[in-house]
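File shown: final_11.pdb (PDB, C-alpha atoms, pLDDT in the B column).
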```
ATOM      1  CA  MET Y   1     -83.500 -58.654  46.397  1.00 44.00           C
ATOM      2  CA  ALA Y   2     -85.432 -55.781  47.962  1.00 44.00           C
ATOM      3  CA  THR Y   3     -86.760 -55.733  51.550  1.00 44.00           C
ATOM      4  CA  PHE Y   4     -89.791 -53.718  52.722  1.00 39.00           C
ATOM      5  CA  SER Y   5     -89.611 -51.931  56.090  1.00 46.00           C
ATOM      6  CA  GLN Y   6     -93.332 -51.185  56.525  1.00 45.00           C
ATOM      7  CA  GLY Y   7     -95.105 -53.763  54.437  1.00 42.00           C
ATOM      8  CA  ILE Y   8     -95.788 -53.599  50.741  1.00 37.00           C
ATOM      9  CA  LEU Y   9     -96.764 -49.900  50.892  1.00 38.00           C
ATOM     10  CA  GLY Y  10     -93.712 -48.858  52.927  1.00 46.00           C
ATOM     11  CA  GLY Y  11     -90.178 -47.996  51.911  1.00 48.00           C
ATOM     12  CA  PHE Y  12     -87.815 -50.661  50.648  1.00 49.00           C
ATOM     13  CA  SER Y  13     -84.099 -51.136  50.295  1.00 57.00           C
ATOM     14  CA  GLY Y  14     -82.322 -53.090  47.609  1.00 60.00           C
ATOM     15  CA  LYS Y  15     -82.893 -53.512  43.884  1.00 58.00           C
ATOM     16  CA  VAL Y  16     -85.747 -54.780  41.782  1.00 52.00           C
ATOM     17  CA  GLY Y  17     -84.786 -54.803  38.113  1.00 53.00           C
ATOM     18  CA  ASN Y  18     -83.475 -51.305  37.431  1.00 51.00           C
ATOM     19  CA  ILE Y  19     -85.314 -49.801  40.454  1.00 58.00           C
ATOM     20  CA  VAL Y  20     -83.113 -49.096  43.488  1.00 60.00           C
ATOM     21  CA  GLY Y  21     -84.573 -48.320  46.927  1.00 61.00           C
ATOM     22  CA  SER Y  22     -82.693 -46.684  49.789  1.00 61.00           C
ATOM     23  CA  SER Y  23     -83.134 -44.365  52.779  1.00 57.00           C
ATOM     24  CA  TRP Y  24     -81.477 -40.963  53.146  1.00 52.00           C
ATOM     25  CA  LYS Y  25     -81.845 -39.027  56.429  1.00 51.00           C
ATOM     26  CA  GLY Y  26     -85.059 -40.891  57.201  1.00 52.00           C
ATOM     27  CA  THR Y  27     -86.516 -40.322  53.745  1.00 54.00           C
ATOM     28  CA  ASN Y  28     -87.247 -43.265  51.476  1.00 53.00           C
ATOM     29  CA  VAL Y  29     -85.613 -42.721  48.104  1.00 54.00           C
ATOM     30  CA  ILE Y  30     -86.325 -44.625  44.901  1.00 51.00           C
ATOM     31  CA  LYS Y  31     -84.031 -44.244  41.928  1.00 54.00           C
ATOM     32  CA  ILE Y  32     -83.957 -45.703  38.443  1.00 51.00           C
ATOM     33  CA  LYS Y  33     -80.569 -47.161  37.700  1.00 56.00           C
ATOM     34  CA  PRO Y  34     -79.327 -45.750  34.390  1.00 55.00           C
ATOM     35  CA  SER Y  35     -78.947 -48.206  31.586  1.00 51.00           C
ATOM     36  CA  SER Y  36     -75.402 -49.113  30.673  1.00 53.00           C
ATOM     37  CA  VAL Y  37     -74.100 -47.574  27.473  1.00 51.00           C
ATOM     38  CA  SER Y  38     -72.947 -50.251  25.073  1.00 57.00           C
ATOM     39  CA  ASN Y  39     -70.689 -47.836  23.192  1.00 61.00           C
ATOM     40  CA  PRO Y  40     -69.517 -44.862  25.284  1.00 67.00           C
ATOM     41  CA  ASN Y  41     -67.420 -43.562  22.399  1.00 81.00           C
ATOM     42  CA  THR Y  42     -69.969 -42.758  19.693  1.00 86.00           C
ATOM     43  CA  LEU Y  43     -69.336 -39.930  17.233  1.00 85.00           C
ATOM     44  CA  PRO Y  44     -71.827 -37.591  18.975  1.00 83.00           C
ATOM     45  CA  GLN Y  45     -70.078 -38.243  22.290  1.00 88.00           C
ATOM     46  CA  GLN Y  46     -66.646 -37.640  20.766  1.00 89.00           C
ATOM     47  CA  ASN Y  47     -67.960 -34.434  19.202  1.00 88.00           C
ATOM     48  CA  GLN Y  48     -69.324 -33.191  22.528  1.00 90.00           C
ATOM     49  CA  ARG Y  49     -66.130 -34.042  24.409  1.00 91.00           C
ATOM     50  CA  MET Y  50     -64.037 -32.215  21.812  1.00 92.00           C
ATOM     51  CA  ARG Y  51     -66.271 -29.147  22.028  1.00 93.00           C
ATOM     52  CA  PHE Y  52     -66.014 -29.119  25.821  1.00 92.00           C
ATOM     53  CA  ALA Y  53     -62.241 -29.536  25.670  1.00 93.00           C
ATOM     54  CA  LEU Y  54     -61.766 -26.686  23.175  1.00 94.00           C
ATOM     55  CA  VAL Y  55     -63.889 -24.207  25.112  1.00 95.00           C
ATOM     56  CA  GLY Y  56     -62.680 -25.424  28.507  1.00 94.00           C
ATOM     57  CA  ARG Y  57     -58.994 -24.905  27.683  1.00 94.00           C
ATOM     58  CA  PHE Y  58     -59.690 -21.491  26.183  1.00 96.00           C
ATOM     59  CA  LEU Y  59     -61.678 -20.279  29.190  1.00 95.00           C
ATOM     60  CA  GLN Y  60     -59.208 -21.723  31.686  1.00 93.00           C
ATOM     61  CA  VAL Y  61     -56.358 -19.510  30.498  1.00 94.00           C
ATOM     62  CA  HIS Y  62     -58.742 -16.530  30.416  1.00 95.00           C
ATOM     63  CA  ARG Y  63     -60.368 -17.270  33.782  1.00 93.00           C
ATOM     64  CA  ASN Y  64     -59.401 -13.946  35.365  1.00 94.00           C
ATOM     65  CA  LEU Y  65     -61.017 -12.041  32.499  1.00 95.00           C
ATOM     66  CA  VAL Y  66     -64.040 -14.362  32.544  1.00 95.00           C
ATOM     67  CA  ASN Y  67     -64.512 -13.787  36.274  1.00 92.00           C
ATOM     68  CA  ILE Y  68     -64.912 -10.098  35.477  1.00 92.00           C
ATOM     69  CA  GLY Y  69     -66.785 -10.341  32.199  1.00 93.00           C
ATOM     70  CA  PHE Y  70     -69.359 -12.952  33.236  1.00 92.00           C
ATOM     71  CA  SER Y  71     -69.636 -11.961  36.897  1.00 86.00           C
ATOM     72  CA  ASP Y  72     -73.356 -11.213  36.640  1.00 77.00           C
ATOM     73  CA  PHE Y  73     -74.405 -12.870  33.392  1.00 74.00           C
ATOM     74  CA  LYS Y  74     -76.889 -15.363  34.790  1.00 69.00           C
ATOM     75  CA  ALA Y  75     -78.175 -15.838  38.328  1.00 68.00           C
ATOM     76  CA  GLY Y  76     -77.272 -19.158  39.903  1.00 76.00           C
ATOM     77  CA  MET Y  77     -74.313 -19.837  37.609  1.00 82.00           C
ATOM     78  CA  SER Y  78     -70.618 -19.272  38.178  1.00 90.00           C
ATOM     79  CA  PRO Y  79     -68.841 -16.986  35.677  1.00 92.00           C
ATOM     80  CA  THR Y  80     -66.999 -19.992  34.222  1.00 91.00           C
ATOM     81  CA  ASN Y  81     -70.162 -22.047  33.779  1.00 92.00           C
ATOM     82  CA  ALA Y  82     -71.997 -19.112  32.211  1.00 92.00           C
ATOM     83  CA  ALA Y  83     -69.091 -18.488  29.824  1.00 94.00           C
ATOM     84  CA  MET Y  84     -68.907 -22.203  29.000  1.00 93.00           C
ATOM     85  CA  ALA Y  85     -72.611 -22.382  28.183  1.00 93.00           C
ATOM     86  CA  TYR Y  86     -72.480 -19.276  25.987  1.00 94.00           C
ATOM     87  CA  ASN Y  87     -69.344 -20.195  24.055  1.00 96.00           C
ATOM     88  CA  LEU Y  88     -70.311 -23.833  23.522  1.00 94.00           C
ATOM     89  CA  GLN Y  89     -73.449 -22.613  21.825  1.00 93.00           C
ATOM     90  CA  ASN Y  90     -72.002 -19.697  19.876  1.00 96.00           C
ATOM     91  CA  ALA Y  91     -68.226 -19.853  19.410  1.00 96.00           C
ATOM     92  CA  ILE Y  92     -67.487 -23.297  17.932  1.00 96.00           C
ATOM     93  CA  THR Y  93     -67.079 -23.635  14.182  1.00 95.00           C
ATOM     94  CA  GLY Y  94     -66.504 -26.583  11.867  1.00 94.00           C
ATOM     95  CA  VAL Y  95     -67.656 -30.195  11.682  1.00 92.00           C
ATOM     96  CA  PHE Y  96     -66.209 -32.912  13.917  1.00 90.00           C
ATOM     97  CA  PRO Y  97     -63.344 -33.734  13.993  1.00 89.00           C
ATOM     98  CA  ASP Y  98     -62.342 -30.416  12.399  1.00 93.00           C
ATOM     99  CA  LEU Y  99     -63.675 -28.182  15.154  1.00 94.00           C
ATOM    100  CA  SER Y 100     -62.129 -24.900  16.260  1.00 95.00           C
ATOM    101  CA  ILE Y 101     -62.970 -21.743  18.168  1.00 96.00           C
ATOM    102  CA  ASP Y 102     -64.259 -18.805  16.140  1.00 97.00           C
ATOM    103  CA  TYR Y 103     -62.398 -15.928  17.781  1.00 97.00           C
ATOM    104  CA  LYS Y 104     -64.690 -13.389  16.141  1.00 97.00           C
ATOM    105  CA  LYS Y 105     -67.615 -14.858  18.088  1.00 97.00           C
ATOM    106  CA  VAL Y 106     -65.969 -15.850  21.373  1.00 97.00           C
ATOM    107  CA  GLN Y 107     -67.047 -13.970  24.487  1.00 97.00           C
ATOM    108  CA  LEU Y 108     -65.006 -13.425  27.645  1.00 97.00           C
ATOM    109  CA  SER Y 109     -67.651 -10.954  28.807  1.00 96.00           C
ATOM    110  CA  HIS Y 110     -71.304 -10.326  28.196  1.00 93.00           C
ATOM    111  CA  GLY Y 111     -73.247  -7.179  28.964  1.00 92.00           C
ATOM    112  CA  SER Y 112     -74.914  -4.084  27.591  1.00 91.00           C
ATOM    113  CA  LEU Y 113     -72.177  -1.461  28.025  1.00 94.00           C
ATOM    114  CA  PRO Y 114     -71.305  -0.030  24.578  1.00 96.00           C
ATOM    115  CA  VAL Y 115     -68.220  -1.570  22.980  1.00 97.00           C
ATOM    116  CA  LEU Y 116     -65.268   0.334  21.500  1.00 97.00           C
ATOM    117  CA  ALA Y 117     -65.923   2.129  18.226  1.00 97.00           C
ATOM    118  CA  GLY Y 118     -63.591   1.530  15.277  1.00 97.00           C
ATOM    119  CA  ALA Y 119     -61.026  -0.483  17.242  1.00 98.00           C
ATOM    120  CA  THR Y 120     -57.765  -1.412  15.469  1.00 98.00           C
ATOM    121  CA  ALA Y 121     -54.525  -3.155  16.477  1.00 98.00           C
ATOM    122  CA  THR Y 122     -51.056  -2.590  14.993  1.00 98.00           C
ATOM    123  CA  VAL Y 123     -47.454  -3.547  15.850  1.00 97.00           C
ATOM    124  CA  PRO Y 124     -45.416  -0.305  15.821  1.00 95.00           C
ATOM    125  CA  ASP Y 125     -42.342  -1.778  17.540  1.00 91.00           C
ATOM    126  CA  ASP Y 126     -40.904  -5.131  18.592  1.00 90.00           C
ATOM    127  CA  LEU Y 127     -43.170  -6.793  21.166  1.00 95.00           C
ATOM    128  CA  THR Y 128     -45.493  -3.764  21.295  1.00 97.00           C
ATOM    129  CA  ILE Y 129     -49.124  -3.807  20.222  1.00 98.00           C
ATOM    130  CA  ALA Y 130     -50.910  -0.486  19.835  1.00 98.00           C
ATOM    131  CA  LEU Y 131     -54.684  -0.346  20.115  1.00 98.00           C
ATOM    132  CA  ALA Y 132     -56.636   2.647  18.828  1.00 98.00           C
ATOM    133  CA  TRP Y 133     -60.339   3.468  18.733  1.00 98.00           C
ATOM    134  CA  THR Y 134     -62.773   6.338  18.425  1.00 98.00           C
ATOM    135  CA  ASP Y 135     -63.939   7.845  21.694  1.00 98.00           C
ATOM    136  CA  ASN Y 136     -67.693   7.229  21.712  1.00 97.00           C
ATOM    137  CA  THR Y 137     -68.343   8.686  25.150  1.00 97.00           C
ATOM    138  CA  GLY Y 138     -71.974   9.699  25.470  1.00 95.00           C
ATOM    139  CA  ASN Y 139     -73.241   6.969  23.144  1.00 92.00           C
ATOM    140  CA  MET Y 140     -75.995   5.405  25.244  1.00 90.00           C
ATOM    141  CA  LYS Y 141     -74.294   4.309  28.497  1.00 91.00           C
ATOM    142  CA  ALA Y 142     -70.711   4.858  27.304  1.00 95.00           C
ATOM    143  CA  GLN Y 143     -68.701   6.835  29.835  1.00 95.00           C
ATOM    144  CA  ALA Y 144     -65.298   8.489  29.469  1.00 96.00           C
ATOM    145  CA  THR Y 145     -64.069   6.585  32.532  1.00 94.00           C
ATOM    146  CA  ASP Y 146     -64.962   3.100  31.253  1.00 96.00           C
ATOM    147  CA  GLN Y 147     -61.893   0.876  31.588  1.00 95.00           C
ATOM    148  CA  LEU Y 148     -60.380  -1.392  28.942  1.00 97.00           C
ATOM    149  CA  ALA Y 149     -59.490  -5.069  29.443  1.00 96.00           C
ATOM    150  CA  VAL Y 150     -57.354  -6.727  26.752  1.00 97.00           C
ATOM    151  CA  GLY Y 151     -56.447 -10.359  26.116  1.00 97.00           C
ATOM    152  CA  PHE Y 152     -53.762 -11.493  23.647  1.00 97.00           C
ATOM    153  CA  PHE Y 153     -54.240 -15.191  22.867  1.00 96.00           C
ATOM    154  CA  HIS Y 154     -51.700 -17.427  21.126  1.00 96.00           C
ATOM    155  CA  PRO Y 155     -53.648 -20.422  19.724  1.00 96.00           C
ATOM    156  CA  GLU Y 156     -50.600 -22.605  19.037  1.00 95.00           C
ATOM    157  CA  SER Y 157     -49.359 -22.625  22.638  1.00 94.00           C
ATOM    158  CA  GLY Y 158     -52.721 -21.997  24.283  1.00 94.00           C
ATOM    159  CA  GLU Y 159     -51.208 -19.109  26.260  1.00 95.00           C
ATOM    160  CA  THR Y 160     -52.645 -15.671  26.879  1.00 95.00           C
ATOM    161  CA  ALA Y 161     -51.341 -12.350  28.148  1.00 96.00           C
ATOM    162  CA  TYR Y 162     -53.909  -9.948  29.501  1.00 95.00           C
ATOM    163  CA  PHE Y 163     -54.144  -6.395  30.774  1.00 96.00           C
ATOM    164  CA  ILE Y 164     -56.944  -5.094  33.030  1.00 94.00           C
ATOM    165  CA  ASN Y 165     -57.886  -1.419  33.415  1.00 93.00           C
ATOM    166  CA  CYS Y 166     -55.099  -0.485  30.987  1.00 96.00           C
ATOM    167  CA  ALA Y 167     -56.828   2.551  29.425  1.00 97.00           C
ATOM    168  CA  ALA Y 168     -59.967   4.646  29.663  1.00 97.00           C
ATOM    169  CA  ARG Y 169     -62.503   4.843  26.837  1.00 98.00           C
ATOM    170  CA  SER Y 170     -61.767   8.565  26.416  1.00 98.00           C
ATOM    171  CA  GLU Y 171     -58.022   7.979  25.853  1.00 98.00           C
ATOM    172  CA  ALA Y 172     -58.686   6.357  22.452  1.00 98.00           C
ATOM    173  CA  THR Y 173     -55.291   4.624  22.363  1.00 98.00           C
ATOM    174  CA  VAL Y 174     -52.964   2.413  24.396  1.00 98.00           C
ATOM    175  CA  SER Y 175     -49.663   0.631  23.726  1.00 98.00           C
ATOM    176  CA  LEU Y 176     -48.967  -2.674  25.472  1.00 97.00           C
ATOM    177  CA  THR Y 177     -45.696  -4.614  25.654  1.00 96.00           C
ATOM    178  CA  LEU Y 178     -45.544  -8.408  25.518  1.00 96.00           C
ATOM    179  CA  PRO Y 179     -42.833 -10.703  26.988  1.00 94.00           C
ATOM    180  CA  ALA Y 180     -39.647 -11.193  24.949  1.00 94.00           C
ATOM    181  CA  GLU Y 181     -40.345 -14.918  24.484  1.00 95.00           C
ATOM    182  CA  TRP Y 182     -43.518 -14.010  22.584  1.00 96.00           C
ATOM    183  CA  ALA Y 183     -41.527 -12.628  19.626  1.00 96.00           C
ATOM    184  CA  GLY Y 184     -42.807 -13.965  16.297  1.00 96.00           C
ATOM    185  CA  ARG Y 185     -46.149 -15.143  17.646  1.00 97.00           C
ATOM    186  CA  SER Y 186     -49.451 -14.495  15.882  1.00 97.00           C
ATOM    187  CA  LEU Y 187     -52.021 -13.365  18.426  1.00 98.00           C
ATOM    188  CA  GLU Y 188     -55.793 -12.967  18.566  1.00 98.00           C
ATOM    189  CA  VAL Y 189     -56.695  -9.611  20.127  1.00 98.00           C
ATOM    190  CA  LEU Y 190     -59.822  -9.559  22.313  1.00 98.00           C
ATOM    191  CA  VAL Y 191     -61.105  -6.571  24.287  1.00 98.00           C
ATOM    192  CA  PHE Y 192     -63.989  -5.517  26.501  1.00 97.00           C
ATOM    193  CA  LEU Y 193     -64.885  -2.633  28.796  1.00 96.00           C
ATOM    194  CA  THR Y 194     -65.973  -2.286  32.404  1.00 94.00           C
ATOM    195  CA  SER Y 195     -67.556   0.795  33.895  1.00 91.00           C
ATOM    196  CA  ALA Y 196     -66.532   2.820  36.908  1.00 80.00           C
ATOM    197  CA  THR Y 197     -69.624   1.495  38.690  1.00 72.00           C
ATOM    198  CA  TYR Y 198     -68.279  -2.025  38.244  1.00 68.00           C
ATOM    199  CA  LEU Y 199     -64.933  -1.016  39.695  1.00 61.00           C
ATOM    200  CA  ALA Y 200     -66.822   0.454  42.644  1.00 60.00           C
ATOM    201  CA  GLY Y 201     -68.382  -2.934  43.350  1.00 64.00           C
ATOM    202  CA  ASN Y 202     -71.534  -2.914  41.208  1.00 63.00           C
ATOM    203  CA  SER Y 203     -71.302  -6.032  39.030  1.00 61.00           C
ATOM    204  CA  LYS Y 204     -74.511  -5.576  37.036  1.00 64.00           C
ATOM    205  CA  ARG Y 205     -74.479  -6.597  33.380  1.00 59.00           C
ATOM    206  CA  GLN Y 206     -74.897  -3.014  32.191  1.00 66.00           C
ATOM    207  CA  SER Y 207     -71.460  -2.374  33.747  1.00 90.00           C
ATOM    208  CA  VAL Y 208     -69.680  -4.683  31.282  1.00 93.00           C
ATOM    209  CA  SER Y 209     -69.548  -4.719  27.480  1.00 95.00           C
ATOM    210  CA  ASN Y 210     -69.555  -7.698  25.172  1.00 96.00           C
ATOM    211  CA  THR Y 211     -66.169  -8.934  24.021  1.00 98.00           C
ATOM    212  CA  GLN Y 212     -64.821  -7.670  20.686  1.00 98.00           C
ATOM    213  CA  TRP Y 213     -62.370  -9.476  18.466  1.00 98.00           C
ATOM    214  CA  VAL Y 214     -60.154  -6.694  17.103  1.00 98.00           C
ATOM    215  CA  ALA Y 215     -57.566  -8.375  14.865  1.00 98.00           C
ATOM    216  CA  THR Y 216     -54.932 -11.058  14.400  1.00 98.00           C
ATOM    217  CA  VAL Y 217     -51.475  -9.513  14.749  1.00 98.00           C
ATOM    218  CA  THR Y 218     -47.957 -10.921  14.514  1.00 97.00           C
ATOM    219  CA  LEU Y 219     -45.217  -9.687  16.814  1.00 95.00           C
ATOM    220  CA  GLU Y 220     -41.864  -8.790  15.275  1.00 84.00           C
TER
END
```

Representation of the structure as structure tokens:
Amino acid sequence: MATFSQGILGGFSGKVGNIVGSSWKGTNVIKIKPSSVSNPNTLPQQNQRMRFALVGRFLQVHRNLVNIGFSDFKAGMSPTNAAMAYNLQNAITGVFPDLSIDYKKVQLSHGSLPVLAGATATVPDDLTIALAWTDNTGNMKAQATDQLAVGFFHPESGETAYFINCAARSEATVSLTLPAEWAGRSLEVLVFLTSATYLAGNSKRQSVSNTQWVATVTLE
């Protein structure tokens, strides 16, 4: 039963049907109590939970890269929330319950800095992955000093190994060594670039490139 504090036109506290009245810091507040859900486990709900779980786990292991790559993607949102919103919309493939992440569309970063040109990944030695690309310095905002960030993701274990500022755009190649326990793993190779202005503290979107999927490689 509801009670009125100032007559029928004043505030009230209590519940009438699905209307709930209360007072918060001297302000009368009226809320509509949400209807109970008779079946909280419908197929659309299962689908949404699975999508959130897939993207959430992927972004969690890449959180340090995401904090760089989505640092200024959208005002009022944290890097993780911005990355979650983007990848939920763009990087899920399949039909429930056969959903998976499309690594060719996933983004750990989002910006307008030019990406690498002609990027490739090979395994020249045990536990070593060599990346090569064409130096496209001077193409729009591409600078020789732009720095490469690389993530190697192992879908089966959900683990990633990443390298930040491991090469400059102008170097056109870098070789990276993975831990011994990663021998035999097939890895998704994801890269993006940050500019020298970003490293100097300017986190504008034009200081970061979109993420590129380069290849799937298997360590010896």

For this session: Carefully work through the PyMOL selection byres ((chain Y and resi 137) around 10) for this structure and note down the residues it includes, as a ChimeraX atom specification.
Result: /Y:114,116-117,134-136,138-146,169-170

For this session: Would you kindly return, as number ranges by chain, each protein, DNA or RNA residue with an atom no farther than 8 Å from any atom of stretch 93-101 of chain Y, considering all atoms listed in the file and excluding same-chain residues fewer than 4 positions away?
Result: Y: 47, 50-51, 54-55, 106

Draw an axis-aligned box over all listed atoms of stretch 114-131 of chain Y, pad each side with 3 Å, and write its centre and edge lengths in Å, one decimal, as JSON.
```
{"center_x": -56.1, "center_y": -2.3, "center_z": 19.8, "size_x": 36.4, "size_y": 14.9, "size_z": 15.6}
```

Leaving out Y:Ala149 and any residue of its chain fewer than 2 positions from it, which residues lie within 8 Å of it when counting only C-alpha atoms, given as a PDB file with C-alpha atoms, in the frame of the given file?
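Saved file result25.pdb follows:
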```
ATOM      1  CA  LEU Y  65     -61.017 -12.041  32.499  1.00 95.00           C
ATOM      2  CA  GLN Y 147     -61.893   0.876  31.588  1.00 95.00           C
ATOM      3  CA  GLY Y 151     -56.447 -10.359  26.116  1.00 97.00           C
ATOM      4  CA  TYR Y 162     -53.909  -9.948  29.501  1.00 95.00           C
ATOM      5  CA  PHE Y 163     -54.144  -6.395  30.774  1.00 96.00           C
ATOM      6  CA  ILE Y 164     -56.944  -5.094  33.030  1.00 94.00           C
ATOM      7  CA  ASN Y 165     -57.886  -1.419  33.415  1.00 93.00           C
ATOM      8  CA  CYS Y 166     -55.099  -0.485  30.987  1.00 96.00           C
ATOM      9  CA  VAL Y 191     -61.105  -6.571  24.287  1.00 98.00           C
ATOM     10  CA  PHE Y 192     -63.989  -5.517  26.501  1.00 97.00           C
ATOM     11  CA  LEU Y 193     -64.885  -2.633  28.796  1.00 96.00           C
ATOM     12  CA  THR Y 194     -65.973  -2.286  32.404  1.00 94.00           C
TER      13      THR Y 194
END
```

Exercise. Which distance in Å separates atom CA of Y:Trp213 and atom CA of Y:Glu171, to one decimal?
Worked result: 19.4 Å

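Our summary of the geometry notes that atom CA of Y:Leu148 is positioned 15.3 Å from atom CA of Y:Phe70.
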
Produce a table with one row for each residue of stretch 36-78 of chain Y that has an atom at most 8 Å from any atom of stretch 158-161 of chain Y, each row naming the nearest atom pair and its distance in Å at one decimal; use all atoms listed in the file; arrange rows by chain and rising residue number; format as a tab-separated table.
```
residue	atom	partner	partner_atom	distance
Y:Arg57	CA	Y:Gly158	CA	7.7
Y:Phe58	CA	Y:Gly158	CA	7.2
Y:Val61	CA	Y:Thr160	CA	6.5
Y:His62	CA	Y:Thr160	CA	7.1
```

Seminar exercise, completed: With distances taken over all atoms listed in the file, the candidate from Y:Phe73, Y:Tyr103, Y:Phe52, Y:Phe153 nearest Y:Arg185 is Y:Phe153

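As for atom CA of Y:Asn90 and atom CA of Y:Ile129, they are spaced 27.9 Å apart.
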
Could you add whatever atoms are missing so that stretch 117-130 of chain Y carries N, CA and C atoms, then write the result as a PDB file, in the frame of the given file?
```
ATOM      1  N   ALA Y 117     -65.562   1.787  19.601  1.00 97.00           N
ATOM      2  CA  ALA Y 117     -65.923   2.129  18.226  1.00 97.00           C
ATOM      3  C   ALA Y 117     -64.657   2.167  17.368  1.00 97.00           C
ATOM      4  N   GLY Y 118     -64.694   1.480  16.230  1.00 97.00           N
ATOM      5  CA  GLY Y 118     -63.591   1.530  15.277  1.00 97.00           C
ATOM      6  C   GLY Y 118     -62.264   1.045  15.814  1.00 97.00           C
ATOM      7  N   ALA Y 119     -62.260  -0.005  16.621  1.00 98.00           N
ATOM      8  CA  ALA Y 119     -61.026  -0.483  17.242  1.00 98.00           C
ATOM      9  C   ALA Y 119     -60.091  -1.128  16.220  1.00 98.00           C
ATOM     10  N   THR Y 120     -58.795  -0.821  16.324  1.00 98.00           N
ATOM     11  CA  THR Y 120     -57.765  -1.412  15.469  1.00 98.00           C
ATOM     12  C   THR Y 120     -56.574  -1.821  16.322  1.00 98.00           C
ATOM     13  N   ALA Y 121     -55.740  -2.718  15.780  1.00 98.00           N
ATOM     14  CA  ALA Y 121     -54.525  -3.155  16.477  1.00 98.00           C
ATOM     15  C   ALA Y 121     -53.379  -3.196  15.483  1.00 98.00           C
ATOM     16  N   THR Y 122     -52.244  -2.593  15.841  1.00 98.00           N
ATOM     17  CA  THR Y 122     -51.056  -2.590  14.993  1.00 98.00           C
ATOM     18  C   THR Y 122     -49.837  -2.936  15.844  1.00 98.00           C
ATOM     19  N   VAL Y 123     -48.711  -3.221  15.158  1.00 97.00           N
ATOM     20  CA  VAL Y 123     -47.454  -3.547  15.850  1.00 97.00           C
ATOM     21  C   VAL Y 123     -46.413  -2.501  15.462  1.00 97.00           C
ATOM     22  N   PRO Y 124     -46.337  -1.385  16.205  1.00 95.00           N
ATOM     23  CA  PRO Y 124     -45.416  -0.305  15.821  1.00 95.00           C
ATOM     24  C   PRO Y 124     -43.958  -0.615  16.122  1.00 95.00           C
ATOM     25  N   ASP Y 125     -43.704  -1.442  17.130  1.00 91.00           N
ATOM     26  CA  ASP Y 125     -42.342  -1.778  17.540  1.00 91.00           C
ATOM     27  C   ASP Y 125     -42.288  -3.245  17.947  1.00 91.00           C
ATOM     28  N   ASP Y 126     -41.069  -3.768  18.121  1.00 90.00           N
ATOM     29  CA  ASP Y 126     -40.904  -5.131  18.592  1.00 90.00           C
ATOM     30  C   ASP Y 126     -41.651  -5.327  19.905  1.00 90.00           C
ATOM     31  N   LEU Y 127     -42.470  -6.380  19.953  1.00 95.00           N
ATOM     32  CA  LEU Y 127     -43.170  -6.793  21.166  1.00 95.00           C
ATOM     33  C   LEU Y 127     -44.208  -5.797  21.666  1.00 95.00           C
ATOM     34  N   THR Y 128     -44.510  -4.762  20.890  1.00 97.00           N
ATOM     35  CA  THR Y 128     -45.493  -3.764  21.295  1.00 97.00           C
ATOM     36  C   THR Y 128     -46.715  -3.818  20.379  1.00 97.00           C
ATOM     37  N   ILE Y 129     -47.874  -3.868  20.980  1.00 98.00           N
ATOM     38  CA  ILE Y 129     -49.124  -3.807  20.222  1.00 98.00           C
ATOM     39  C   ILE Y 129     -49.852  -2.526  20.602  1.00 98.00           C
ATOM     40  N   ALA Y 130     -50.206  -1.747  19.605  1.00 98.00           N
ATOM     41  CA  ALA Y 130     -50.910  -0.486  19.835  1.00 98.00           C
ATOM     42  C   ALA Y 130     -52.376  -0.659  19.457  1.00 98.00           C
TER      43      ALA Y 130
END
```
